[in-house]
Amino acid sequence: MEGTGSTDSAGQTNAPRSDTGDRDAQSISGPRLTLLKLLYERMLLARELDRESVAMQRQGILPGYAPARGQEAAQVGSASALDRARDFAFPTYRELGVAVGLEADLVGYIASHQGAWHGGMYDFAASRMAPINAVVGAPVPHAMGWAMGEKLAATDGCAIAYFGDGASSQGDIHEAMNFAGVWNLPVIFFCQNNGWAISLPTAQQVAGGSVAARAAGYGMPGVRIDGNDVLAVYDAVQDALARARGGGGATVIEAITYRVGPHSTSDDPGRYRSLDDEQSWLTRDPVTRAEARLRASGLDDAYVAAALADAREQVERVREGVLAITQRPTAEMFDFVFANPPAAFIAQRAHAIAELTND
Amino acid sequence: MIDRVMSDIRLDQTDAPGTTTMTMQRAIATALADALADDPSVLVFGEDVGKLGGVFRATDGLHDRFGSARVFDTPLAEAGIMGMAVGLAMNGWRPVPEIQFDGFSYPAIDQIVNQVARMRNRSRGAFGMPITLRLPSFGGINAPEHHGESMEALFAHVPGLKVVSPSTPDEAYHLLRQSIADPDPVIFMEPKARYWHKGAVNTADAAVDLPVGTSRVVRQGRHVTLIAWGAMVARCLQAAELGAEDGVEIEVVDLRWLKPIDAAGLAASVSRTGRAVVVHEAPLTAGLGAEVVALLMRDCFAALKAPVGRVAGYDVPYPSQVLEERYLPSIDRILTGVQETLEFRRG
């Protein structure tokens with residue numbers, strides 16, 4: 001199997017690595033090439049929809065957006081490794097590539113940023129992707145609990161918890177990893193170390209410099225991988241899935257990547273990091289690197305152009321779907337709060353509908 | 001002043017066939033056992049609830065009977081316990097976690113408020129949260145700091161949660177069965193001070209079919225209504241006994257459900273008596289008594305002969321053992337509240 005990246009530690013920020021160029025130039029073939037094409041096409045879709053989402057925010061269509069540019073390999077590679085018949089993903093609020101990798105309804109994903117519904121409007125159960133969650137670190141124990149459910153049921157699904165270098169400071173992460181270690185649970189703690197938690201660099205966030213190294217303290221394997229190498233990400237998650245299904249318990253994966261854009265469309269990275277820092281990562285761009293490897297494996301301009309055209313066509317359809325979401329019914333504020341709503345709550349719902357209809 | 005431990009008034013006078021006399025903590029263990037037996041998706045977990053049987057023995061015997069796949073000890077981490085409950089519920093289980101003491105639910109408050117209470121809504125109904133959090137609550141047991149908190153107003157204020165507190169062993173059995181059967185998250189506040197009091201428990205009747213949010217009149221009277229929950233119900237009954245000696249007929253309503261509140265049940269009682277006093281252990285200001293008063297203002301304004309009174313804890317951190325009986329509403333303070341309400345004259 002090809003390597004899953006090095007275990008060297010990051011510097012002040014996630015310094016670009018220099019040893020990946022050779023790998024990008026290696027030719028592949030057969031099922032491996034087919035896989036890389038799929039991952040590349042998904043990354044292109046995530047890249048183009050991310051770009052369009054920023055544009056829609058500028059056009060006033062989305063109130064806000066959390067750009068995922070630069071993290072496509074980490075997100076698409078990890079989610080694409082999952083088995084949607086049995087695994088389940090717990091995302092944060094910056095997980096467009098995960099939605100793409102799980103083939104979730106992308107209009108439903110963007111609906112969260114469009115302001116139609118906080119958790120998004122994709123089919124959470126069928127997509128095997130929990131609702132978007134805005135509390136940093138809080139979904140990680142949910143993944144652990146879901147994995148506990150698999151263990152108790154003696155089924156072989158695996159949960160994957162997404163979080164970032166910033167979230168690694170939260171107590172929820174420690175509690176979830178400790179529980180998972182004590183009970184040997186089938187869960188992958190997938191950290192996208194993108195260098196920045198809004199304005200705070202990893203060096204001021206992560207004591208010891210490595211989230212993966214913390215796994216040792218919980219008695220579980222921890223690997224630090226090149227998060228911008230989509231095949232390396234895919235392989236690392238496949239390894240962790242196999243370990244989990246074999247009863248080997250949890251794995252911490254720290255995917256080193258870079259948040260090329262701002263934290264959100266309200267953020268101004270110029271206040272806390274240099275243009276040089278951002279530019280240095282453009283040479284490690286995950287989409288460009290996958291494309292280089294595909295070309296090294298014999299694919300040509302026509303393929304790349306067709307893949308891009310296809311991604312843009314899909315993005316146009318997502319845009320149309322997002323534009324079609326306008327108002328939501330008043331009743332929706334009430335309809336999902338309780339499965340067994342109290343009488344006073346039902347009365348308040350009816351009152352609200354009458355009150356707001358009379359406006 | 002009457003020593004509150006002098007008399008343990010039995011709230012359940014029935015001795016019907018099929019009833020068993022037991023303590024509240026035994027009634028809780030019995031309800032958990034019956035829920036575990038009836039529904040294979042029910043899981044009981046928390047700190048020391050397995051082998052030990054819980055620090056109050058409210059899970060005694062469950063681990064031996066149902067095994068560690070249904071009843072298990074967790075590491076000591078309340079946020080982890082509640083976060084795990086969310087994930088288990090998303091995977092089709094029916095979690096009944098315990099947080100060992102009221103004050104230690106604060107470390108889990110993000111998971112309870114931001115996650116348990118909201119996941120069904122956030123997921124547009126895809127992931128229900130049939131979680132019953134058992135929370136030993138309130139004061140009166142001479143315990144250290146953070147072991148005597150009354151958090152009902154905090155939880156009742158959170159959209160998506162239901163909150164209930166039993167006052168007797170029979171109530172504990174049935175309300176716990178009802179909470180576990182309910183498809184929504186319920187904060188089940190167990191009055192620690194009543195754990196060791198005995199009462200008749202009828203596990204056969206169908207109280208599970210009663211709607212969530214039903215109160216009950218535990219003593220009838222025509223002059224004034226006392227409204228209480230948890231351990232304060234027994235104390236209000238003691239006050240009513242003393243009131244009767246002076247010719248004051250006090251009605252006592254056990255609110256049971258603190259969310260949803262049985263506004264119609266309260267209005268029915270207070271419309272008859274025209275006077276009411278709410279009694280709770282929690283600090284006065286912004287306590288649940290204020291919500292009860294507002295509902296009575298809305299529903300019984302014309303029938304009220306006096307402002308609705310409140311007898312509550314003081315606006316201080318729950319005090320240390322030596323002072324706690326001075327903090328808790330005493331029978332004297334309850335009767336003073338009743339007297340002030342009875343003596344109120346307009347103008």
# chains A, B, ... in the order shown; residues from 1 in each chain; ligands from 1
$ interface_residues --of "chain B" --to "chain A" --cutoff "9 Å" --atoms "only C-alpha atoms" --output "VMD selection string"
chain B and resid 69 to 70 74 to 75 77 to 93 110 to 111 114 to 115 117 to 129 159 to 161 182 to 185 211 to 213 259 to 261 263
$ write_last_selection --atoms "N, CA and C atoms" --output "short mmCIF file (atom, residue, chain, number, x, y, z; two decimals), in the first residue's frame"
data_model
loop_
_atom_site.label_atom_id
_atom_site.label_comp_id
_atom_site.auth_asym_id
_atom_site.auth_seq_id
_atom_site.Cartn_x
_atom_site.Cartn_y
_atom_site.Cartn_z
N ALA B 69 -24.23 -4.98 29.21
CA ALA B 69 -24.60 -4.40 27.92
C ALA B 69 -25.85 -3.52 28.03
N ARG B 70 -26.57 -3.64 29.13
CA ARG B 70 -27.79 -2.82 29.32
C ARG B 70 -27.63 -1.82 30.47
N THR B 74 -19.94 4.39 33.62
CA THR B 74 -19.19 5.23 32.68
C THR B 74 -18.01 5.86 33.40
N PRO B 75 -17.01 6.32 32.64
CA PRO B 75 -16.00 7.18 33.25
C PRO B 75 -16.67 8.43 33.85
N ALA B 77 -17.41 11.68 33.75
CA ALA B 77 -17.41 12.82 32.84
C ALA B 77 -18.84 13.07 32.38
N GLU B 78 -19.45 14.10 32.94
CA GLU B 78 -20.88 14.30 32.70
C GLU B 78 -21.18 14.72 31.27
N ALA B 79 -20.34 15.56 30.66
CA ALA B 79 -20.59 15.94 29.27
C ALA B 79 -20.47 14.71 28.37
N GLY B 80 -19.49 13.86 28.68
CA GLY B 80 -19.33 12.63 27.91
C GLY B 80 -20.56 11.73 28.04
N ILE B 81 -21.11 11.66 29.25
CA ILE B 81 -22.30 10.83 29.47
C ILE B 81 -23.46 11.34 28.62
N MET B 82 -23.69 12.64 28.64
CA MET B 82 -24.84 13.17 27.90
C MET B 82 -24.58 13.19 26.39
N GLY B 83 -23.32 13.45 26.00
CA GLY B 83 -23.00 13.39 24.58
C GLY B 83 -23.15 11.97 24.05
N MET B 84 -22.75 11.01 24.87
CA MET B 84 -22.93 9.60 24.49
C MET B 84 -24.41 9.28 24.35
N ALA B 85 -25.22 9.82 25.25
CA ALA B 85 -26.66 9.57 25.18
C ALA B 85 -27.23 10.06 23.85
N VAL B 86 -26.75 11.21 23.39
CA VAL B 86 -27.22 11.75 22.10
C VAL B 86 -26.90 10.77 20.97
N GLY B 87 -25.65 10.31 20.95
CA GLY B 87 -25.23 9.39 19.88
C GLY B 87 -25.98 8.07 19.95
N LEU B 88 -26.19 7.57 21.16
CA LEU B 88 -26.95 6.32 21.32
C LEU B 88 -28.38 6.51 20.81
N ALA B 89 -29.00 7.63 21.16
CA ALA B 89 -30.37 7.88 20.70
C ALA B 89 -30.41 7.99 19.18
N MET B 90 -29.38 8.60 18.59
CA MET B 90 -29.33 8.72 17.12
C MET B 90 -29.19 7.35 16.47
N ASN B 91 -28.68 6.40 17.22
CA ASN B 91 -28.49 5.04 16.71
C ASN B 91 -29.61 4.10 17.16
N GLY B 92 -30.72 4.66 17.64
CA GLY B 92 -31.91 3.86 17.89
C GLY B 92 -32.10 3.36 19.30
N TRP B 93 -31.22 3.78 20.23
CA TRP B 93 -31.36 3.33 21.61
C TRP B 93 -32.21 4.31 22.41
N ASP B 110 -23.86 22.08 28.18
CA ASP B 110 -23.83 22.29 26.73
C ASP B 110 -24.48 21.12 26.02
N GLN B 111 -24.13 19.91 26.43
CA GLN B 111 -24.73 18.74 25.78
C GLN B 111 -26.25 18.70 26.03
N ASN B 114 -27.67 22.47 24.33
CA ASN B 114 -27.41 22.69 22.91
C ASN B 114 -27.59 21.43 22.06
N GLN B 115 -27.53 20.26 22.68
CA GLN B 115 -27.55 19.04 21.88
C GLN B 115 -28.80 18.19 22.17
N ALA B 117 -31.54 18.80 23.80
CA ALA B 117 -32.81 19.52 23.63
C ALA B 117 -33.06 19.93 22.19
N ARG B 118 -32.01 19.98 21.37
CA ARG B 118 -32.17 20.54 20.03
C ARG B 118 -32.01 19.54 18.89
N MET B 119 -31.50 18.36 19.16
CA MET B 119 -31.16 17.48 18.04
C MET B 119 -32.37 17.09 17.22
N ARG B 120 -33.50 16.85 17.88
CA ARG B 120 -34.69 16.49 17.10
C ARG B 120 -35.07 17.65 16.17
N ASN B 121 -35.06 18.85 16.71
CA ASN B 121 -35.41 20.01 15.91
C ASN B 121 -34.38 20.25 14.80
N ARG B 122 -33.10 20.18 15.17
CA ARG B 122 -32.03 20.43 14.20
C ARG B 122 -32.12 19.44 13.04
N SER B 123 -32.50 18.20 13.35
CA SER B 123 -32.54 17.16 12.32
C SER B 123 -33.93 17.05 11.68
N ARG B 124 -34.77 18.03 11.90
CA ARG B 124 -36.10 18.06 11.30
C ARG B 124 -36.86 16.76 11.58
N GLY B 125 -36.70 16.27 12.81
CA GLY B 125 -37.44 15.08 13.24
C GLY B 125 -36.77 13.76 12.91
N ALA B 126 -35.63 13.82 12.21
CA ALA B 126 -34.97 12.56 11.82
C ALA B 126 -34.45 11.80 13.04
N PHE B 127 -33.94 12.55 14.02
CA PHE B 127 -33.36 11.91 15.20
C PHE B 127 -34.08 12.38 16.45
N GLY B 128 -35.03 11.55 16.91
CA GLY B 128 -35.69 11.82 18.18
C GLY B 128 -34.72 11.62 19.31
N MET B 129 -35.01 12.22 20.45
CA MET B 129 -34.13 12.13 21.62
C MET B 129 -34.92 11.58 22.80
N PRO B 159 -36.15 25.24 25.48
CA PRO B 159 -37.08 24.62 24.53
C PRO B 159 -36.64 23.21 24.16
N GLY B 160 -37.60 22.29 24.15
CA GLY B 160 -37.30 20.91 23.77
C GLY B 160 -37.21 19.96 24.94
N LEU B 161 -37.04 20.48 26.15
CA LEU B 161 -36.96 19.61 27.32
C LEU B 161 -38.31 19.52 28.03
N ASP B 182 -41.85 8.26 26.98
CA ASP B 182 -42.07 9.47 26.18
C ASP B 182 -40.99 9.59 25.10
N PRO B 183 -41.35 10.03 23.91
CA PRO B 183 -40.35 10.12 22.83
C PRO B 183 -39.44 11.34 22.91
N ASP B 184 -39.63 12.19 23.90
CA ASP B 184 -38.84 13.42 24.01
C ASP B 184 -37.94 13.37 25.25
N PRO B 185 -36.91 14.23 25.28
CA PRO B 185 -36.03 14.25 26.45
C PRO B 185 -36.74 14.76 27.70
N PRO B 211 -51.76 11.70 30.37
CA PRO B 211 -50.97 12.64 29.58
C PRO B 211 -49.81 13.22 30.39
N VAL B 212 -48.69 13.42 29.71
CA VAL B 212 -47.59 14.17 30.33
C VAL B 212 -48.12 15.55 30.68
N GLY B 213 -47.78 16.03 31.87
CA GLY B 213 -48.21 17.38 32.25
C GLY B 213 -49.51 17.40 33.02
N LYS B 259 -42.56 21.09 33.44
CA LYS B 259 -42.76 21.47 32.05
C LYS B 259 -43.17 20.21 31.29
N PRO B 260 -44.32 20.15 30.69
CA PRO B 260 -45.33 21.22 30.69
C PRO B 260 -46.06 21.31 32.02
N ILE B 261 -46.45 22.52 32.39
CA ILE B 261 -47.19 22.75 33.64
C ILE B 261 -48.68 22.55 33.36
N ALA B 263 -51.62 23.85 33.64
CA ALA B 263 -52.28 25.13 33.94
C ALA B 263 -53.76 24.91 34.26
#
$ residues_around --residues "Gly140 in chain B" --least-positions-apart "3" --cutoff "9 Å" --atoms "only C-alpha atoms" --output "PyMOL selection string"
chain B and resi 143+148+192-193+231+321+324-325+328
$ residues_around --residues "Val218 in chain B" --least-positions-apart "3" --cutoff "8 Å" --atoms "only C-alpha atoms" --output "NGL selection string"
:B and (11 or 251-254)
$ write_last_selection --atoms "C-alpha atoms" --output "mmCIF file, in the first residue's frame"
data_model
loop_
_atom_site.group_PDB
_atom_site.id
_atom_site.type_symbol
_atom_site.label_atom_id
_atom_site.label_comp_id
_atom_site.auth_asym_id
_atom_site.auth_seq_id
_atom_site.Cartn_x
_atom_site.Cartn_y
_atom_site.Cartn_z
ATOM 1 C CA LEU B 11 -49.055 10.372 50.943
ATOM 2 C CA GLU B 251 -55.623 22.261 49.475
ATOM 3 C CA VAL B 252 -52.296 20.802 48.304
ATOM 4 C CA VAL B 253 -51.514 20.340 44.626
ATOM 5 C CA ASP B 254 -48.534 18.237 43.562
#
$ atom_distance --atom1 "CA of Ser274 in chain A" --atom2 "CA of Asp165 in chain A"
19.5 Å
$ closest_residue --among "B:Ala108, B:Val293, B:Ile334, B:Ala282" --to "Asp315 in chain B" --atoms "only C-alpha atoms"
B:Ala282
